[in-house]
$ cat my_file-v3.tsv   # TSV, C-alpha atoms
chain	number	residue	atom	x	y	z
T	1	MET	CA	-21.27	37.55	3.05
T	2	LYS	CA	-17.93	36.43	1.68
T	3	ASN	CA	-18.12	33.55	-0.77
T	4	LYS	CA	-16.43	30.35	0.29
T	5	ILE	CA	-13.23	29.57	-1.61
T	6	HIS	CA	-13.47	26.57	-3.90
T	7	ILE	CA	-10.56	24.24	-3.14
T	8	SER	CA	-9.80	21.39	-5.51
T	9	ALA	CA	-7.50	18.41	-5.10
T	10	VAL	CA	-7.34	17.92	-8.88
T	11	ASP	CA	-6.67	21.44	-10.20
T	12	PRO	CA	-3.16	21.70	-8.62
T	13	ILE	CA	-1.91	18.65	-10.55
T	14	ALA	CA	-1.35	20.47	-13.87
T	15	PRO	CA	0.48	23.50	-12.43
T	16	ALA	CA	2.54	21.22	-10.16
T	17	TRP	CA	3.64	19.25	-13.22
T	18	ASP	CA	4.45	22.47	-15.08
T	19	HIS	CA	6.51	23.76	-12.17
T	20	MET	CA	8.44	20.48	-11.99
T	21	VAL	CA	9.23	20.63	-15.72
T	22	ARG	CA	10.22	24.31	-15.50
T	23	ILE	CA	12.51	23.77	-12.50
T	24	LEU	CA	14.26	20.61	-13.66
T	25	PHE	CA	14.16	20.67	-17.46
T	26	LYS	CA	13.87	24.31	-18.61
T	27	PRO	CA	16.79	24.36	-18.88
T	28	PHE	CA	18.30	21.09	-17.70
T	29	ALA	CA	21.18	21.81	-15.30
T	30	PHE	CA	23.04	18.83	-13.90
T	31	LYS	CA	24.50	20.91	-11.05
T	32	LYS	CA	20.98	21.93	-9.97
T	33	TRP	CA	19.86	18.29	-10.06
T	34	LEU	CA	22.74	17.29	-7.78
T	35	ALA	CA	22.04	20.15	-5.35
T	36	LEU	CA	18.27	19.63	-5.22
T	37	GLY	CA	18.85	15.88	-5.01
T	38	PHE	CA	21.08	16.46	-1.99
T	39	CYS	CA	18.38	18.61	-0.36
T	40	ALA	CA	15.81	15.90	-1.10
T	41	PHE	CA	18.14	13.30	0.41
T	42	LEU	CA	18.46	15.34	3.60
T	43	ALA	CA	14.72	15.95	3.76
T	44	GLN	CA	13.92	12.26	3.32
T	45	CYS	CA	16.76	10.69	5.31
T	46	SER	CA	14.56	10.12	8.37
T	47	THR	CA	12.15	7.99	6.32
T	48	GLN	CA	14.61	5.95	4.27
T	49	GLY	CA	15.02	2.41	5.58
T	50	GLY	CA	18.13	0.30	5.85
T	51	GLY	CA	18.81	-3.25	4.90
T	52	ASN	CA	16.63	-6.32	5.36
T	53	ALA	CA	16.64	-7.28	9.02
T	54	SER	CA	15.72	-10.83	8.15
T	55	GLN	CA	19.15	-11.29	6.56
T	56	VAL	CA	21.18	-10.16	9.59
T	57	TRP	CA	21.40	-13.75	10.85
T	58	SER	CA	21.18	-16.54	8.32
T	59	GLY	CA	23.10	-19.26	10.09
T	60	PRO	CA	21.61	-22.33	11.76
T	61	PHE	CA	20.07	-22.03	15.19
T	62	ASN	CA	20.36	-24.84	17.70
T	63	GLN	CA	20.09	-25.38	21.43
T	64	THR	CA	23.88	-25.43	21.86
T	65	ASN	CA	24.24	-21.91	20.50
T	66	PHE	CA	21.47	-20.70	22.80
T	67	THR	CA	23.04	-22.39	25.85
T	68	ASP	CA	26.50	-21.02	25.05
T	69	GLY	CA	25.03	-17.54	24.63
T	70	ASN	CA	23.29	-17.70	28.00
T	71	ALA	CA	26.47	-18.95	29.66
T	72	TRP	CA	28.50	-16.08	28.18
T	73	ILE	CA	25.91	-13.52	29.32
T	74	ASP	CA	25.90	-14.99	32.86
T	75	SER	CA	29.68	-14.80	33.09
T	76	ASN	CA	29.91	-11.32	31.55
T	77	PHE	CA	26.66	-9.79	32.74
T	78	ASN	CA	28.00	-6.32	33.57
T	79	PHE	CA	29.78	-6.11	30.24
T	80	PHE	CA	26.64	-7.30	28.44
T	81	ILE	CA	24.50	-4.63	30.12
T	82	THR	CA	27.07	-1.99	29.20
T	83	ILE	CA	26.95	-3.06	25.55
T	84	VAL	CA	23.14	-3.04	25.48
T	85	VAL	CA	22.82	0.36	27.16
T	86	SER	CA	25.58	1.86	24.99
T	87	SER	CA	23.93	0.52	21.84
T	88	ILE	CA	20.57	2.00	22.83
T	89	VAL	CA	22.16	5.39	23.59
T	90	VAL	CA	24.02	5.39	20.26
T	91	LEU	CA	20.87	4.47	18.33
T	92	VAL	CA	18.84	7.18	20.09
T	93	LEU	CA	21.53	9.81	19.40
T	94	LEU	CA	21.78	8.68	15.78
T	95	GLY	CA	17.99	8.89	15.43
T	96	LEU	CA	18.00	12.41	16.89
T	97	LEU	CA	20.77	13.48	14.51
T	98	VAL	CA	18.96	12.10	11.47
T	99	THR	CA	15.69	13.74	12.56
T	100	TRP	CA	17.45	17.09	13.04
T	101	ILE	CA	19.13	16.93	9.62
T	102	SER	CA	15.85	15.90	7.98
T	103	SER	CA	14.00	18.78	9.66
T	104	ARG	CA	16.51	21.28	8.30
T	105	GLY	CA	16.58	19.60	4.89
T	106	LYS	CA	12.82	19.94	4.37
T	107	PHE	CA	13.14	23.73	4.28
T	108	MET	CA	16.19	23.54	2.03
T	109	LEU	CA	14.20	21.49	-0.47
T	110	ILE	CA	11.17	23.80	-0.46
T	111	ASP	CA	13.42	26.84	-0.80
T	112	GLY	CA	15.27	25.34	-3.77
T	113	ILE	CA	11.97	24.53	-5.50
T	114	VAL	CA	10.24	27.84	-4.78
T	115	LYS	CA	13.22	29.98	-5.73
T	116	ASN	CA	14.37	27.63	-8.52
T	117	ARG	CA	17.95	27.58	-7.32
T	118	SER	CA	20.63	25.09	-6.32
T	119	ALA	CA	21.66	26.73	-3.03
T	120	ILE	CA	22.57	24.61	-0.02
T	121	SER	CA	24.33	26.70	2.61
T	122	GLU	CA	22.01	29.73	2.27
T	123	PRO	CA	18.70	27.98	3.07
T	124	TRP	CA	20.44	25.82	5.70
T	125	THR	CA	21.31	29.03	7.57
T	126	GLU	CA	18.26	31.12	6.65
T	127	TYR	CA	15.70	28.60	7.91
T	128	LYS	CA	17.66	27.50	10.95
T	129	THR	CA	14.96	28.64	13.39
T	130	GLU	CA	12.14	26.91	11.52
T	131	GLY	CA	14.16	23.72	11.07
T	132	ASN	CA	15.11	23.48	14.74
T	133	SER	CA	11.51	24.18	15.74
T	134	LEU	CA	10.31	21.35	13.49
T	135	PHE	CA	12.94	19.06	15.04
T	136	LEU	CA	11.76	19.77	18.59
T	137	PHE	CA	8.14	19.37	17.52
T	138	SER	CA	8.93	15.99	15.89
T	139	ILE	CA	10.65	14.75	19.05
T	140	ALA	CA	7.77	15.86	21.27
T	141	LEU	CA	5.22	14.27	18.94
T	142	GLY	CA	7.25	11.05	18.79
T	143	VAL	CA	7.41	10.83	22.59
T	144	LEU	CA	3.67	11.45	22.83
T	145	LEU	CA	2.92	8.74	20.26
T	146	LEU	CA	5.23	6.33	22.08
T	147	PHE	CA	3.39	6.99	25.34
T	148	VAL	CA	0.04	6.36	23.63
T	149	PHE	CA	1.38	3.10	22.16
T	150	VAL	CA	2.57	1.91	25.59
T	151	LEU	CA	-0.80	2.88	27.07
T	152	MET	CA	-2.59	0.87	24.39
T	153	GLY	CA	-0.36	-2.11	25.12
T	154	GLY	CA	-1.11	-1.79	28.82
T	155	VAL	CA	-4.86	-1.75	28.22
T	156	THR	CA	-4.64	-4.81	26.00
T	157	PHE	CA	-2.46	-6.59	28.58
T	158	LEU	CA	-4.88	-5.86	31.43
T	159	ILE	CA	-7.78	-7.26	29.40
T	160	ALA	CA	-5.83	-10.46	28.69
T	161	LEU	CA	-4.40	-10.75	32.22
T	162	PRO	CA	-7.03	-13.25	33.55
T	163	ASP	CA	-6.21	-15.65	30.69
T	164	LEU	CA	-2.47	-15.19	31.22
T	165	GLN	CA	-2.82	-16.01	34.90
T	166	SER	CA	-5.00	-19.05	34.29
T	167	GLU	CA	-2.98	-20.13	31.23
T	168	GLN	CA	-6.19	-20.50	29.24
T	169	PHE	CA	-7.62	-18.87	26.13
T	170	THR	CA	-11.14	-17.63	26.86
T	171	VAL	CA	-13.31	-14.59	26.21
T	172	ALA	CA	-10.73	-12.31	27.86
T	173	GLY	CA	-8.07	-13.36	25.36
T	174	ILE	CA	-10.39	-12.89	22.39
T	175	THR	CA	-11.48	-9.50	23.70
T	176	SER	CA	-7.88	-8.36	24.14
T	177	ILE	CA	-7.06	-9.34	20.54
T	178	VAL	CA	-10.10	-7.50	19.15
T	179	VAL	CA	-9.55	-4.40	21.29
T	180	GLY	CA	-5.82	-4.40	20.56
T	181	GLY	CA	-6.44	-4.74	16.83
T	182	VAL	CA	-8.97	-1.89	16.76
T	183	LEU	CA	-6.72	0.36	18.83
T	184	LEU	CA	-3.74	-0.44	16.59
T	185	LEU	CA	-5.77	0.37	13.47
T	186	PHE	CA	-6.81	3.76	14.85
T	187	TYR	CA	-3.24	4.36	16.00
T	188	VAL	CA	-1.85	3.75	12.50
T	189	LEU	CA	-4.53	5.96	10.92
T	190	ILE	CA	-3.77	8.77	13.38
T	191	ILE	CA	-0.04	8.56	12.65
T	192	ALA	CA	-0.74	8.65	8.91
T	193	ALA	CA	-3.04	11.67	9.29
T	194	LEU	CA	-0.53	13.52	11.47
T	195	SER	CA	2.33	12.81	9.04
T	196	PHE	CA	0.20	14.02	6.14
T	197	PHE	CA	-0.83	17.23	7.92
T	198	VAL	CA	2.74	18.04	8.94
T	199	SER	CA	4.30	17.42	5.52
T	200	MET	CA	1.54	18.88	3.33
T	201	PHE	CA	0.33	21.80	5.43
T	202	MET	CA	2.43	22.62	8.50
T	203	VAL	CA	5.94	22.62	6.99
T	204	PRO	CA	4.96	24.77	3.96
T	205	THR	CA	3.19	27.14	6.36
T	206	MET	CA	6.33	27.39	8.47
T	207	TYR	CA	8.36	28.17	5.35
T	208	LEU	CA	6.01	30.78	3.88
T	209	LYS	CA	4.91	32.51	7.09
T	210	ARG	CA	8.26	32.08	8.92
T	211	MET	CA	6.44	30.58	11.89
T	212	ARG	CA	7.51	28.10	14.52
T	213	ALA	CA	5.97	24.63	14.56
T	214	ILE	CA	3.14	25.09	17.07
T	215	GLU	CA	2.12	28.44	15.61
T	216	ALA	CA	2.18	26.99	12.08
T	217	TRP	CA	0.13	23.99	13.25
T	218	LYS	CA	-2.61	26.29	14.56
T	219	HIS	CA	-2.47	28.58	11.52
T	220	ALA	CA	-2.63	25.72	9.01
T	221	TRP	CA	-5.52	24.05	10.84
T	222	THR	CA	-7.50	27.30	11.15
T	223	HIS	CA	-6.95	28.66	7.64
T	224	VAL	CA	-6.48	25.51	5.54
T	225	CYS	CA	-8.18	22.50	7.11
T	226	LYS	CA	-10.90	23.64	9.48
T	227	GLY	CA	-13.38	24.77	6.85
T	228	HIS	CA	-12.23	22.41	4.11
T	229	ILE	CA	-12.18	18.95	5.67
T	230	GLY	CA	-13.76	17.41	2.58
T	231	SER	CA	-11.11	18.91	0.30
T	232	ALA	CA	-8.38	17.67	2.65
T	233	ILE	CA	-9.79	14.12	2.53
T	234	LEU	CA	-9.91	14.27	-1.27
T	235	LEU	CA	-6.32	15.50	-1.21
T	236	ILE	CA	-5.31	12.46	0.84
T	237	LEU	CA	-7.00	10.17	-1.67
T	238	MET	CA	-5.37	11.97	-4.61
T	239	VAL	CA	-1.92	11.80	-3.01
T	240	SER	CA	-2.47	8.08	-2.45
T	241	LEU	CA	-3.37	7.54	-6.11
T	242	LEU	CA	-0.43	9.61	-7.28
T	243	GLY	CA	1.76	7.69	-4.85
T	244	ILE	CA	0.79	4.41	-6.51
T	245	ALA	CA	1.73	5.86	-9.89
T	246	SER	CA	5.04	7.18	-8.55
T	247	SER	CA	5.79	3.75	-7.08
T	248	SER	CA	5.57	2.32	-10.58
T	249	VAL	CA	8.03	4.98	-11.76
T	250	ALA	CA	10.37	4.09	-8.89
T	251	VAL	CA	10.25	0.38	-9.74
T	252	PHE	CA	11.01	1.16	-13.39
T	253	ALA	CA	13.93	3.39	-12.35
T	254	ILE	CA	15.33	0.67	-10.10
T	255	CYS	CA	15.17	-1.90	-12.90
T	256	ALA	CA	16.52	0.51	-15.54
T	257	THR	CA	19.54	1.42	-13.39
T	258	CYS	CA	20.30	-2.14	-12.26
T	259	CYS	CA	19.30	-1.28	-8.68
T	260	LEU	CA	21.52	1.82	-8.51
T	261	ALA	CA	18.36	3.78	-7.74
T	262	LEU	CA	18.24	1.98	-4.39
T	263	LEU	CA	21.46	3.64	-3.19
T	264	PRO	CA	21.15	6.58	-0.78
T	265	TYR	CA	21.43	9.99	-2.45
T	266	VAL	CA	21.56	8.32	-5.89
T	267	SER	CA	17.90	7.45	-5.47
T	268	SER	CA	17.13	11.05	-4.48
T	269	VAL	CA	18.78	12.35	-7.67
T	270	ILE	CA	17.24	9.78	-10.03
T	271	LEU	CA	13.75	10.17	-8.55
T	272	LEU	CA	14.05	13.94	-8.14
T	273	PRO	CA	11.19	14.71	-10.60
T	274	VAL	CA	8.81	12.67	-8.42
T	275	THR	CA	9.92	14.46	-5.25
T	276	VAL	CA	9.73	17.92	-6.82
T	277	PHE	CA	6.29	17.19	-8.26
T	278	PHE	CA	4.81	16.19	-4.90
T	279	VAL	CA	6.27	19.26	-3.18
T	280	CYS	CA	4.89	21.49	-5.96
T	281	TYR	CA	1.55	19.73	-5.68
T	282	ALA	CA	1.31	20.59	-1.97
T	283	LEU	CA	2.33	24.20	-2.60
T	284	CYS	CA	-0.08	24.62	-5.53
T	285	TYR	CA	-2.89	23.22	-3.39
T	286	LEU	CA	-2.18	25.82	-0.70
T	287	GLN	CA	-1.99	28.63	-3.26
T	288	GLN	CA	-5.71	28.16	-3.87
T	289	PHE	CA	-6.38	29.82	-0.49
T	290	GLY	CA	-5.50	33.30	-1.72
T	291	SER	CA	-2.66	35.66	-2.54
T	292	GLU	CA	-1.23	35.41	0.98
T	293	TRP	CA	-0.49	31.75	0.23
T	294	LYS	CA	1.46	32.41	-2.96
T	295	PHE	CA	4.74	30.46	-3.00
T	296	PHE	CA	5.80	30.92	-6.63
T	297	LYS	CA	5.82	34.71	-6.72
T	298	ASN	CA	7.52	35.21	-10.11
T	299	VAL	CA	5.25	32.98	-12.18
T	300	CYS	CA	1.57	33.08	-13.10
T	301	SER	CA	-0.58	30.92	-10.83
T	302	PHE	CA	-2.69	29.77	-13.80
T	303	CYS	CA	-0.23	29.11	-16.65
T	304	ASN	CA	3.23	29.36	-14.98
T	305	TYR	CA	4.27	32.17	-17.32
T	306	ASP	CA	7.44	33.94	-16.10
T	307	LEU	CA	6.29	37.28	-14.63
T	308	ARG	CA	9.72	38.70	-13.82
T	309	GLY	CA	10.05	42.24	-15.09
T	310	LEU	CA	6.32	42.96	-14.86
T	311	GLU	CA	4.76	45.27	-12.29
T	312	ASP	CA	2.90	43.80	-9.31
T	313	GLY	CA	-0.76	43.19	-10.09
T	314	GLN	CA	-0.30	43.31	-13.84
T	315	VAL	CA	-2.35	40.86	-15.89
T	316	CYS	CA	-0.44	37.85	-17.21
T	317	PRO	CA	0.30	38.48	-20.90
T	318	GLU	CA	0.09	34.75	-21.64
T	319	CYS	CA	-3.33	33.79	-20.23
T	320	GLY	CA	-4.81	37.20	-19.42
T	321	LYS	CA	-5.59	36.34	-15.79

$ encode --input "my_file-v3.tsv" --output "structure tokens"
Amino acid sequence: MKNKIHISAVDPIAPAWDHMVRILFKPFAFKKWLALGFCAFLAQCSTQGGGNASQVWSGPFNQTNFTDGNAWIDSNFNFFITIVVSSIVVLVLLGLLVTWISSRGKFMLIDGIVKNRSAISEPWTEYKTEGNSLFLFSIALGVLLLFVFVLMGGVTFLIALPDLQSEQFTVAGITSIVVGGVLLLFYVLIIAALSFFVSMFMVPTMYLKRMRAIEAWKHAWTHVCKGHIGSAILLILMVSLLGIASSSVAVFAICATCCLALLPYVSSVILLPVTVFFVCYALCYLQQFGSEWKFFKNVCSFCNYDLRGLEDGQVCPECGK
């Protein structure tokens, strides 16, 4: 009987750090930083937020302004509807564009890290199929999650409906709050788990195996997660702890650069070591599942010694493994 592979969430930390140092600092190449930073910016553009919505309107609010606004809407209702619909369409199209660019950028970033190069156009073209597949998968998953959210809201509304009709706050109202809160908690946890699985397992699988999204989802679940649920949970906890540490680094970078690290793209370049480390951490975790999961093919999996020029299967001259 084949022995079960030991998968650790801690062991990949050291090689991930070594890979990050090798890629970004041995030697240091400013051009590579700019290129990889651009790839990181594209990969992360769908998750980077904008300004503070609470500062959009800072003027005084009074009844006169509200009355004037209603009067203008009543007198220009068709024009108002056109503006609202057009704004929604523009926002949806912009969201689709950003999601598409981000889907393509994720493979550009992994490719630059794995191959230790500063290419942009080559991986953009080479992983076109995988990137477009990830885009369609993200849209389908987003629509499904939106439907589930609306369904949850409908259930909560139906529970509270007797109180809404009677304009009272009784057991029905309390029940709707409790049920809605529990459903929302599970909803957030499910979204977090799905995001983690896609970024840590599915996307690297798509890159390495040259699979489409659904196929990579099934392959990653069957070969990575299904028999190693405990290791996956530990990985989530480890990523959370490392995320707290990286947040401290980000705050320090923001303060040290007088908030320049908050600017789009600039933040991706300044915080590039953090981004590269987390990508390497995911790849090193997957490499524990065997030679068919080897991403860094020209370096030793144990000590990161450069193996270029050596025959396949030859023992590493540095560590002897």

$ atom_distance --input "my_file-v3.tsv" --atom1 "CA of Ala119 in chain T" --atom2 "CA of Phe278 in chain T"
20.0 Å

$ residues_around --input "my_file-v3.tsv" --residues "Met108 in chain T" --least-positions-apart "3" --cutoff "7 Å" --atoms "only C-alpha atoms" --output "PyMOL selection string"
chain T and resi 39+104-105+111-112+120+123-124

$ write_last_selection --input "my_file-v3.tsv" --atoms "C-alpha atoms" --output "compact mmCIF listing (two decimals), in the frame of the given file"
# COMPACT_ATOMS: atom_id res chain seq x y z
CA CYS T 39 18.38 18.61 -0.36
CA ARG T 104 16.51 21.28 8.30
CA GLY T 105 16.58 19.60 4.89
CA ASP T 111 13.42 26.84 -0.80
CA GLY T 112 15.27 25.34 -3.77
CA ILE T 120 22.57 24.61 -0.02
CA PRO T 123 18.70 27.98 3.07
CA TRP T 124 20.44 25.82 5.70

$ closest_residue --input "my_file-v3.tsv" --among "T:Ser8, T:Ser291, T:Asn70, T:Ser87" --to "Leu208 in chain T" --atoms "all atoms listed in the file"
T:Ser291

$ residues_around --input "my_file-v3.tsv" --residues "Val276 in chain T" --least-positions-apart "6" --cutoff "9 Å" --atoms "only C-alpha atoms" --output "mmCIF file with C-alpha atoms, keeping the file's coordinate frame"
data_model
loop_
_atom_site.group_PDB
_atom_site.id
_atom_site.type_symbol
_atom_site.label_atom_id
_atom_site.label_comp_id
_atom_site.auth_asym_id
_atom_site.auth_seq_id
_atom_site.Cartn_x
_atom_site.Cartn_y
_atom_site.Cartn_z
ATOM 1 C CA ALA T 16 2.540 21.220 -10.160
ATOM 2 C CA TRP T 17 3.640 19.250 -13.220
ATOM 3 C CA HIS T 19 6.510 23.760 -12.170
ATOM 4 C CA MET T 20 8.440 20.480 -11.990
ATOM 5 C CA ILE T 23 12.510 23.770 -12.500
ATOM 6 C CA LEU T 24 14.260 20.610 -13.660
ATOM 7 C CA LEU T 36 18.270 19.630 -5.220
ATOM 8 C CA ALA T 40 15.810 15.900 -1.100
ATOM 9 C CA LEU T 109 14.200 21.490 -0.470
ATOM 10 C CA ILE T 110 11.170 23.800 -0.460
ATOM 11 C CA ILE T 113 11.970 24.530 -5.500
#

$ atom_distance --input "my_file-v3.tsv" --atom1 "CA of Lys128 in chain T" --atom2 "CA of Leu194 in chain T"
22.9 Å

$ residues_around --input "my_file-v3.tsv" --residues "Tyr285 in chain T" --least-positions-apart "4" --cutoff "9 Å" --atoms "only C-alpha atoms" --output "ChimeraX atom specification"
/T:7-13,16,235,280-281,289

$ decode --input "my_file-v3.tsv" --residues "range 261-281 of chain T" --atoms "N, CA and C atoms" --output "compact mmCIF listing (two decimals), in the first residue's frame"
# COMPACT_ATOMS: atom_id res chain seq x y z
N ALA T 261 3.15 54.50 -1.28
CA ALA T 261 2.85 53.08 -1.43
C ALA T 261 1.36 52.80 -1.54
N LEU T 262 0.53 53.83 -1.42
CA LEU T 262 -0.90 53.66 -1.58
C LEU T 262 -1.32 53.82 -3.04
N LEU T 263 -0.43 54.38 -3.87
CA LEU T 263 -0.77 54.65 -5.26
C LEU T 263 -0.81 53.35 -6.06
N PRO T 264 -1.76 53.23 -6.99
CA PRO T 264 -1.81 52.04 -7.85
C PRO T 264 -0.50 51.86 -8.61
N TYR T 265 -0.12 50.67 -8.84
CA TYR T 265 1.11 50.23 -9.47
C TYR T 265 2.33 50.50 -8.60
N VAL T 266 2.43 51.71 -8.05
CA VAL T 266 3.56 52.01 -7.15
C VAL T 266 3.53 51.07 -5.96
N SER T 267 2.33 50.83 -5.43
CA SER T 267 2.21 49.90 -4.30
C SER T 267 2.61 48.48 -4.71
N SER T 268 2.28 48.09 -5.94
CA SER T 268 2.63 46.75 -6.41
C SER T 268 4.14 46.59 -6.52
N VAL T 269 4.85 47.65 -6.91
CA VAL T 269 6.31 47.59 -7.05
C VAL T 269 6.97 47.59 -5.67
N ILE T 270 6.52 48.48 -4.79
CA ILE T 270 7.14 48.61 -3.47
C ILE T 270 6.91 47.34 -2.64
N LEU T 271 5.71 46.78 -2.74
CA LEU T 271 5.37 45.59 -1.95
C LEU T 271 5.56 44.30 -2.75
N LEU T 272 6.35 44.36 -3.82
CA LEU T 272 6.57 43.19 -4.66
C LEU T 272 7.15 42.00 -3.89
N PRO T 273 8.11 42.19 -2.96
CA PRO T 273 8.61 41.02 -2.21
C PRO T 273 7.51 40.26 -1.48
N VAL T 274 6.53 40.98 -0.93
CA VAL T 274 5.42 40.33 -0.23
C VAL T 274 4.59 39.50 -1.21
N THR T 275 4.28 40.10 -2.35
CA THR T 275 3.48 39.39 -3.35
C THR T 275 4.20 38.16 -3.87
N VAL T 276 5.47 38.30 -4.21
CA VAL T 276 6.24 37.18 -4.74
C VAL T 276 6.37 36.07 -3.69
N PHE T 277 6.56 36.45 -2.44
CA PHE T 277 6.67 35.44 -1.39
C PHE T 277 5.40 34.61 -1.29
N PHE T 278 4.24 35.24 -1.30
CA PHE T 278 2.99 34.49 -1.14
C PHE T 278 2.73 33.59 -2.34
N VAL T 279 3.08 34.05 -3.54
CA VAL T 279 2.93 33.19 -4.71
C VAL T 279 3.87 31.99 -4.60
N CYS T 280 5.12 32.24 -4.22
CA CYS T 280 6.09 31.15 -4.04
C CYS T 280 5.65 30.20 -2.94
N TYR T 281 5.03 30.73 -1.91
CA TYR T 281 4.56 29.89 -0.81
C TYR T 281 3.50 28.90 -1.29
